[in-house]
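Asker: First, the structure itself, so that you have it in front of you.
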2 protein chains.
Amino acid sequence: METTTARDTDLASALVQTMHRLQDVHAETSRPLGLTPQQAHLLCVLIAGPLGMTELSRILSIERSSLTSMVDRLERRTLVTRIPSPTDRRACQIELTPEGLSLAHDAHNAVVDRINTLTANLPASTRQTLATALQSII
Amino acid sequence: METTTARDTDLASALVQTMHRLQDVHAETSRPLGLTPQQAHLLCVLIAGPLGMTELSRILSIERSSLTSMVDRLERRTLVTRIPSPTDRRACQIELTPEGLSLAHDAHNAVVDRINTLTANLPASTRQTLATALQSII
DNA sequence: TCTAACTAGTTGTAGCACGAATCATTCGAA
DNA sequence: TTCGAATGATTCGTGCTACAACTAGTTAGA
């Protein structure tokens, strides 16, 4: 029982520390691009395609009221655009501009590259186990 | 080569998604205690013992100017205290009050419990591999 | 002694995040 | 068909986070 408890604490602790480490990495890779981590996250989510405000707020786990001002700032920089929905005059879709798409790819590649260098020393089998295990957590 | 590249992207992507998921968990467990995730992090770091401002800012990866106002707010709530150093009249040590220590433990336990439920389905061997691999990343 | 390096704090600005309230639109049921 | 409820987005007010540039005090070493 004691060993199990110890292992649990170790794993949870390792996950928390990893989270903080990756937050730092995320911030460090976003900043040189002139983006906050939250802005980079938003842009990367939109790579897959335009989304409505409500859906976007759900994916990002933030309130819609927070999202409004974030989109305002990004729209001011012409990184995204609000496209009115043809079927619902209340709704709008948030879409990346070409400039925003390019920046989103840059941000995505930067963080993936950084993380790959962090995990470069792990053997292939461990990488596989890790990826599968993390997928199941999400 | 293609398979290796695919695996790399998968692992990095899984790590990023895990980070966001854990950020949400961290926020959700801190909030009921009246703490922001950053405040919870600060309190938990101090469980190990008092720290100076510079050391604390290094551990939390934030600027000292950000830390000053954070400590101000926590000190106002009597969760931490600034203890002037006996040997160095410039410096001060940030220490948890009994109330702060209790809250720090609550915050720590809450997040560890939540993460343990998330990882409860993983077999012991995977847990071990995971913990070791993540340790090497940090 | 006196200066260079260090430590802490201050100020100003921008961004993040939430809740409550608001407005327009859409949908559904009487 | 029409009125009330639900939905999508925004606005407002408040508090927290984060940074850069700056001030001021302290210590240690030349």
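Ordering of the structure tokens sets the chain letters (A, B, ...), residue numbers begin anew at 1 in every chain, and ligands are numbered from 1 in the order given.
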Starting from chain A, keep only residues with some atom at most 10 Å from an atom of chain B, counting only C-alpha atoms, and report them as a ChimeraX atom specification.
Answerer: /A:4,7-24,26,41,60-62,108-109,111-124,126-138
Asker: Once you count only C-alpha atoms (C1' of nucleotides), which residues of chain D turn out to be within 12 Å of chain A? Could you give them as a PDB file with N, CA and C atoms (P, O5', C5', C4', C3', O3' and C1' of nucleotides), in the first residue's frame?
Answerer:
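Output contents, as saved in part.pdb:
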ATOM      1  P    DT D   7     -30.609  27.079 -24.660  1.00  0.00           P
ATOM      2  O5'  DT D   7     -30.009  28.093 -25.745  1.00  0.00           O
ATOM      3  C5'  DT D   7     -30.470  28.021 -27.077  1.00  0.00           C
ATOM      4  C4'  DT D   7     -29.793  29.078 -27.912  1.00  0.00           C
ATOM      5  C3'  DT D   7     -28.281  29.201 -27.673  1.00  0.00           C
ATOM      6  O3'  DT D   7     -27.631  29.162 -28.929  1.00  0.00           O
ATOM      7  C1'  DT D   7     -29.305  31.326 -27.563  1.00  0.00           C
ATOM      8  P    DG D   8     -26.061  29.051 -29.006  1.00  0.00           P
ATOM      9  O5'  DG D   8     -25.670  30.535 -29.420  1.00  0.00           O
ATOM     10  C5'  DG D   8     -26.033  31.015 -30.704  1.00  0.00           C
ATOM     11  C4'  DG D   8     -25.356  32.347 -30.947  1.00  0.00           C
ATOM     12  C3'  DG D   8     -23.892  32.398 -30.495  1.00  0.00           C
ATOM     13  O3'  DG D   8     -23.098  32.986 -31.515  1.00  0.00           O
ATOM     14  C1'  DG D   8     -25.136  34.095 -29.390  1.00  0.00           C
ATOM     15  P    DA D   9     -21.520  33.103 -31.299  1.00  0.00           P
ATOM     16  O5'  DA D   9     -21.382  34.556 -30.696  1.00  0.00           O
ATOM     17  C5'  DA D   9     -21.840  35.655 -31.483  1.00  0.00           C
ATOM     18  C4'  DA D   9     -21.908  36.912 -30.653  1.00  0.00           C
ATOM     19  C3'  DA D   9     -20.592  37.366 -30.019  1.00  0.00           C
ATOM     20  O3'  DA D   9     -20.105  38.481 -30.752  1.00  0.00           O
ATOM     21  C1'  DA D   9     -22.488  37.694 -28.592  1.00  0.00           C
ATOM     22  P    DT D  10     -18.770  39.196 -30.272  1.00  0.00           P
ATOM     23  O5'  DT D  10     -19.287  40.330 -29.274  1.00  0.00           O
ATOM     24  C5'  DT D  10     -20.283  41.241 -29.720  1.00  0.00           C
ATOM     25  C4'  DT D  10     -20.790  42.086 -28.565  1.00  0.00           C
ATOM     26  C3'  DT D  10     -19.695  42.872 -27.841  1.00  0.00           C
ATOM     27  O3'  DT D  10     -19.922  44.263 -28.049  1.00  0.00           O
ATOM     28  C1'  DT D  10     -21.230  41.856 -26.315  1.00  0.00           C
ATOM     29  P    DT D  11     -18.847  45.323 -27.520  1.00  0.00           P
ATOM     30  O5'  DT D  11     -19.427  45.757 -26.090  1.00  0.00           O
ATOM     31  C5'  DT D  11     -20.771  46.199 -25.978  1.00  0.00           C
ATOM     32  C4'  DT D  11     -21.069  46.589 -24.530  1.00  0.00           C
ATOM     33  C3'  DT D  11     -19.936  47.363 -23.833  1.00  0.00           C
ATOM     34  O3'  DT D  11     -20.516  48.466 -23.154  1.00  0.00           O
ATOM     35  C1'  DT D  11     -20.521  45.453 -22.553  1.00  0.00           C
ATOM     36  P    DC D  12     -19.595  49.569 -22.468  1.00  0.00           P
ATOM     37  O5'  DC D  12     -19.626  49.160 -20.921  1.00  0.00           O
ATOM     38  C5'  DC D  12     -20.873  48.863 -20.305  1.00  0.00           C
ATOM     39  C4'  DC D  12     -20.656  48.457 -18.852  1.00  0.00           C
ATOM     40  C3'  DC D  12     -19.463  49.142 -18.178  1.00  0.00           C
ATOM     41  O3'  DC D  12     -19.868  49.584 -16.888  1.00  0.00           O
ATOM     42  C1'  DC D  12     -19.290  46.795 -17.966  1.00  0.00           C
ATOM     43  P    DT D  17      -2.839  36.336  -9.269  1.00  0.00           P
ATOM     44  O5'  DT D  17      -2.237  36.645 -10.706  1.00  0.00           O
ATOM     45  C5'  DT D  17      -2.739  35.940 -11.831  1.00  0.00           C
ATOM     46  C4'  DT D  17      -1.995  36.361 -13.079  1.00  0.00           C
ATOM     47  C3'  DT D  17      -0.473  36.328 -12.959  1.00  0.00           C
ATOM     48  O3'  DT D  17       0.028  35.574 -14.049  1.00  0.00           O
ATOM     49  C1'  DT D  17      -1.196  38.397 -13.860  1.00  0.00           C
ATOM     50  P    DA D  18       1.542  35.056 -13.999  1.00  0.00           P
ATOM     51  O5'  DA D  18       2.326  36.175 -14.793  1.00  0.00           O
ATOM     52  C5'  DA D  18       2.009  36.388 -16.162  1.00  0.00           C
ATOM     53  C4'  DA D  18       2.714  37.632 -16.634  1.00  0.00           C
ATOM     54  C3'  DA D  18       4.121  37.814 -16.080  1.00  0.00           C
ATOM     55  O3'  DA D  18       5.044  37.428 -17.088  1.00  0.00           O
ATOM     56  C1'  DA D  18       2.882  39.872 -16.203  1.00  0.00           C
ATOM     57  P    DC D  19       6.596  37.494 -16.825  1.00  0.00           P
ATOM     58  O5'  DC D  19       6.980  38.891 -17.462  1.00  0.00           O
ATOM     59  C5'  DC D  19       6.543  39.178 -18.784  1.00  0.00           C
ATOM     60  C4'  DC D  19       6.715  40.654 -19.072  1.00  0.00           C
ATOM     61  C3'  DC D  19       8.088  41.183 -18.721  1.00  0.00           C
ATOM     62  O3'  DC D  19       8.804  41.489 -19.912  1.00  0.00           O
ATOM     63  C1'  DC D  19       6.341  42.666 -17.999  1.00  0.00           C
TER      64       DC D  19
END
Asker: Can you show chain B as a compact mmCIF listing (two decimals) with C-alpha atoms, in the first residue's frame once it has been least-squares superposed onto chain A, using every C-alpha atom paired in order?
Answerer:
# COMPACT_ATOMS: atom_id res chain seq x y z
CA MET B 1 0.15 -0.03 -0.10
CA GLU B 2 2.87 2.31 0.86
CA THR B 3 4.73 1.79 -2.37
CA THR B 4 1.57 2.31 -4.38
CA THR B 5 0.85 5.55 -2.58
CA ALA B 6 4.39 6.70 -3.12
CA ARG B 7 4.14 5.96 -6.84
CA ASP B 8 0.85 7.79 -7.10
CA THR B 9 2.27 10.89 -5.52
CA ASP B 10 5.31 10.68 -7.76
CA LEU B 11 3.26 10.43 -10.92
CA ALA B 12 0.90 13.24 -9.98
CA SER B 13 3.81 15.39 -8.91
CA ALA B 14 5.67 14.66 -12.13
CA LEU B 15 2.60 15.62 -14.14
CA VAL B 16 2.21 18.90 -12.26
CA GLN B 17 5.86 19.78 -12.71
CA THR B 18 5.68 18.88 -16.38
CA MET B 19 2.67 21.13 -16.75
CA HIS B 20 4.57 24.09 -15.28
CA ARG B 21 7.61 23.35 -17.39
CA LEU B 22 5.53 23.20 -20.55
CA GLN B 23 3.74 26.40 -19.62
CA ASP B 24 7.12 28.10 -19.50
CA VAL B 25 8.09 26.58 -22.84
CA HIS B 26 4.81 27.68 -24.33
CA ALA B 27 5.30 31.23 -23.06
CA GLU B 28 8.89 31.36 -24.26
CA THR B 29 8.03 30.22 -27.76
CA SER B 30 4.99 32.49 -28.09
CA ARG B 31 6.61 35.67 -26.86
CA PRO B 32 9.12 36.13 -29.71
CA LEU B 33 6.18 35.97 -32.10
CA GLY B 34 4.44 38.80 -30.28
CA LEU B 35 1.81 36.49 -28.83
CA THR B 36 0.71 35.60 -25.33
CA PRO B 37 0.34 31.86 -24.69
CA GLN B 38 -3.44 32.27 -24.72
CA GLN B 39 -3.37 34.06 -28.05
CA ALA B 40 -1.13 31.37 -29.52
CA HIS B 41 -3.51 28.72 -28.24
CA LEU B 42 -6.47 30.46 -29.82
CA LEU B 43 -4.75 30.83 -33.19
CA CYS B 44 -3.64 27.19 -33.18
CA VAL B 45 -7.14 25.96 -32.44
CA LEU B 46 -8.41 27.92 -35.44
CA ILE B 47 -5.97 26.21 -37.81
CA ALA B 48 -8.48 23.37 -38.12
CA GLY B 49 -11.11 25.84 -39.33
CA PRO B 50 -13.37 28.73 -38.27
CA LEU B 51 -15.37 28.43 -35.07
CA GLY B 52 -18.17 30.34 -33.37
CA MET B 53 -17.58 32.24 -30.17
CA THR B 54 -19.36 29.77 -27.91
CA GLU B 55 -17.63 26.74 -29.38
CA LEU B 56 -14.29 28.49 -29.15
CA SER B 57 -14.83 29.45 -25.51
CA ARG B 58 -15.72 25.84 -24.73
CA ILE B 59 -12.57 24.52 -26.41
CA LEU B 60 -10.35 27.08 -24.70
CA SER B 61 -12.15 26.67 -21.38
CA ILE B 62 -12.67 30.39 -20.93
CA GLU B 63 -15.74 32.54 -20.55
CA ARG B 64 -17.17 34.19 -23.63
CA SER B 65 -16.64 37.57 -22.04
CA SER B 66 -12.92 36.84 -21.87
CA LEU B 67 -12.96 35.63 -25.43
CA THR B 68 -14.62 38.78 -26.77
CA SER B 69 -11.74 41.01 -25.75
CA MET B 70 -9.17 38.47 -26.92
CA VAL B 71 -10.75 38.33 -30.35
CA ASP B 72 -11.00 42.12 -30.38
CA ARG B 73 -7.25 42.42 -29.86
CA LEU B 74 -6.44 39.78 -32.48
CA GLU B 75 -8.85 41.30 -34.97
CA ARG B 76 -7.25 44.71 -34.46
CA ARG B 77 -3.98 43.12 -35.50
CA THR B 78 -5.70 41.51 -38.50
CA LEU B 79 -4.83 38.01 -37.34
CA VAL B 80 -8.44 36.87 -37.26
CA THR B 81 -11.71 38.13 -38.70
CA ARG B 82 -15.29 37.90 -37.54
CA ILE B 83 -17.37 36.45 -40.33
CA PRO B 84 -21.12 36.91 -39.90
CA SER B 85 -22.96 33.67 -40.31
CA PRO B 86 -25.15 33.61 -43.44
CA THR B 87 -27.79 31.50 -41.74
CA ASP B 88 -27.80 33.08 -38.28
CA ARG B 89 -27.48 36.82 -38.07
CA ARG B 90 -26.55 36.67 -34.37
CA ALA B 91 -23.67 34.36 -34.77
CA CYS B 92 -20.28 34.91 -36.23
CA GLN B 93 -17.41 32.65 -37.12
CA ILE B 94 -13.87 33.46 -36.10
CA GLU B 95 -11.50 32.75 -38.93
CA LEU B 96 -7.76 33.13 -39.35
CA THR B 97 -6.55 35.68 -41.86
CA PRO B 98 -3.67 34.55 -44.09
CA GLU B 99 -1.39 36.48 -41.77
CA GLY B 100 -2.94 34.79 -38.76
CA LEU B 101 -2.66 31.35 -40.32
CA SER B 102 1.00 31.87 -40.99
CA LEU B 103 1.60 33.03 -37.44
CA ALA B 104 -0.43 30.13 -36.07
CA HIS B 105 1.76 27.68 -37.96
CA ASP B 106 4.88 29.42 -36.69
CA ALA B 107 3.64 29.23 -33.11
CA HIS B 108 2.66 25.60 -33.48
CA ASN B 109 5.95 24.58 -35.04
CA ALA B 110 7.95 26.52 -32.48
CA VAL B 111 6.40 24.78 -29.52
CA VAL B 112 6.44 21.34 -31.13
CA ASP B 113 10.10 21.75 -32.00
CA ARG B 114 10.97 22.83 -28.48
CA ILE B 115 9.11 19.90 -26.96
CA ASN B 116 10.71 17.47 -29.36
CA THR B 117 14.14 18.58 -28.25
CA LEU B 118 13.04 18.06 -24.66
CA THR B 119 11.91 14.52 -25.38
CA ALA B 120 14.66 13.68 -27.84
CA ASN B 121 16.54 11.49 -25.38
CA LEU B 122 13.66 9.14 -24.73
CA PRO B 123 13.76 5.74 -26.47
CA ALA B 124 11.13 5.10 -29.11
CA SER B 125 9.26 2.54 -27.05
CA THR B 126 8.96 4.96 -24.15
CA ARG B 127 7.78 7.69 -26.49
CA GLN B 128 5.06 5.40 -27.72
CA THR B 129 3.99 4.41 -24.22
CA LEU B 130 4.02 8.04 -23.16
CA ALA B 131 1.92 9.23 -26.07
CA THR B 132 -0.66 6.49 -25.58
CA ALA B 133 -0.87 7.00 -21.83
CA LEU B 134 -1.29 10.77 -22.16
CA GLN B 135 -3.96 10.31 -24.81
CA SER B 136 -5.96 8.24 -22.35
CA ILE B 137 -5.67 10.96 -19.72
CA ILE B 138 -7.03 13.70 -21.93
Asker: What is the distance between C1' of DA30 (chain C) and C1' of DC3 (chain D), in Å to one decimal?
Answerer: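 Interatomic distance here is 9.2 Å.
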Asker: Give me the residues of chain C that have any atom at most 8 Å from an atom of chain A; for each, the nearest atom pair and the distance in Å, rounded to one decimal. Use only C-alpha atoms (C1' of nucleotides), sort by chain and number, and format it as JSON lines.
Answerer:
{"residue": "C:DC16", "atom": "C1'", "partner": "A:Ser66", "partner_atom": "CA", "distance": 7.3}
{"residue": "C:DA17", "atom": "C1'", "partner": "A:Ser66", "partner_atom": "CA", "distance": 6.0}
{"residue": "C:DC18", "atom": "C1'", "partner": "A:Glu63", "partner_atom": "CA", "distance": 7.3}
{"residue": "C:DA24", "atom": "C1'", "partner": "A:Arg90", "partner_atom": "CA", "distance": 6.9}
{"residue": "C:DT25", "atom": "C1'", "partner": "A:Arg90", "partner_atom": "CA", "distance": 5.7}
{"residue": "C:DT26", "atom": "C1'", "partner": "A:Asp88", "partner_atom": "CA", "distance": 7.9}
Asker: If you run DSSP on the backbone here, which positions in chain A get strand (DSSP E)? Please write them as an MDAnalysis selection string.
Answerer: chainID A and resid 51:52 80:84 92:96
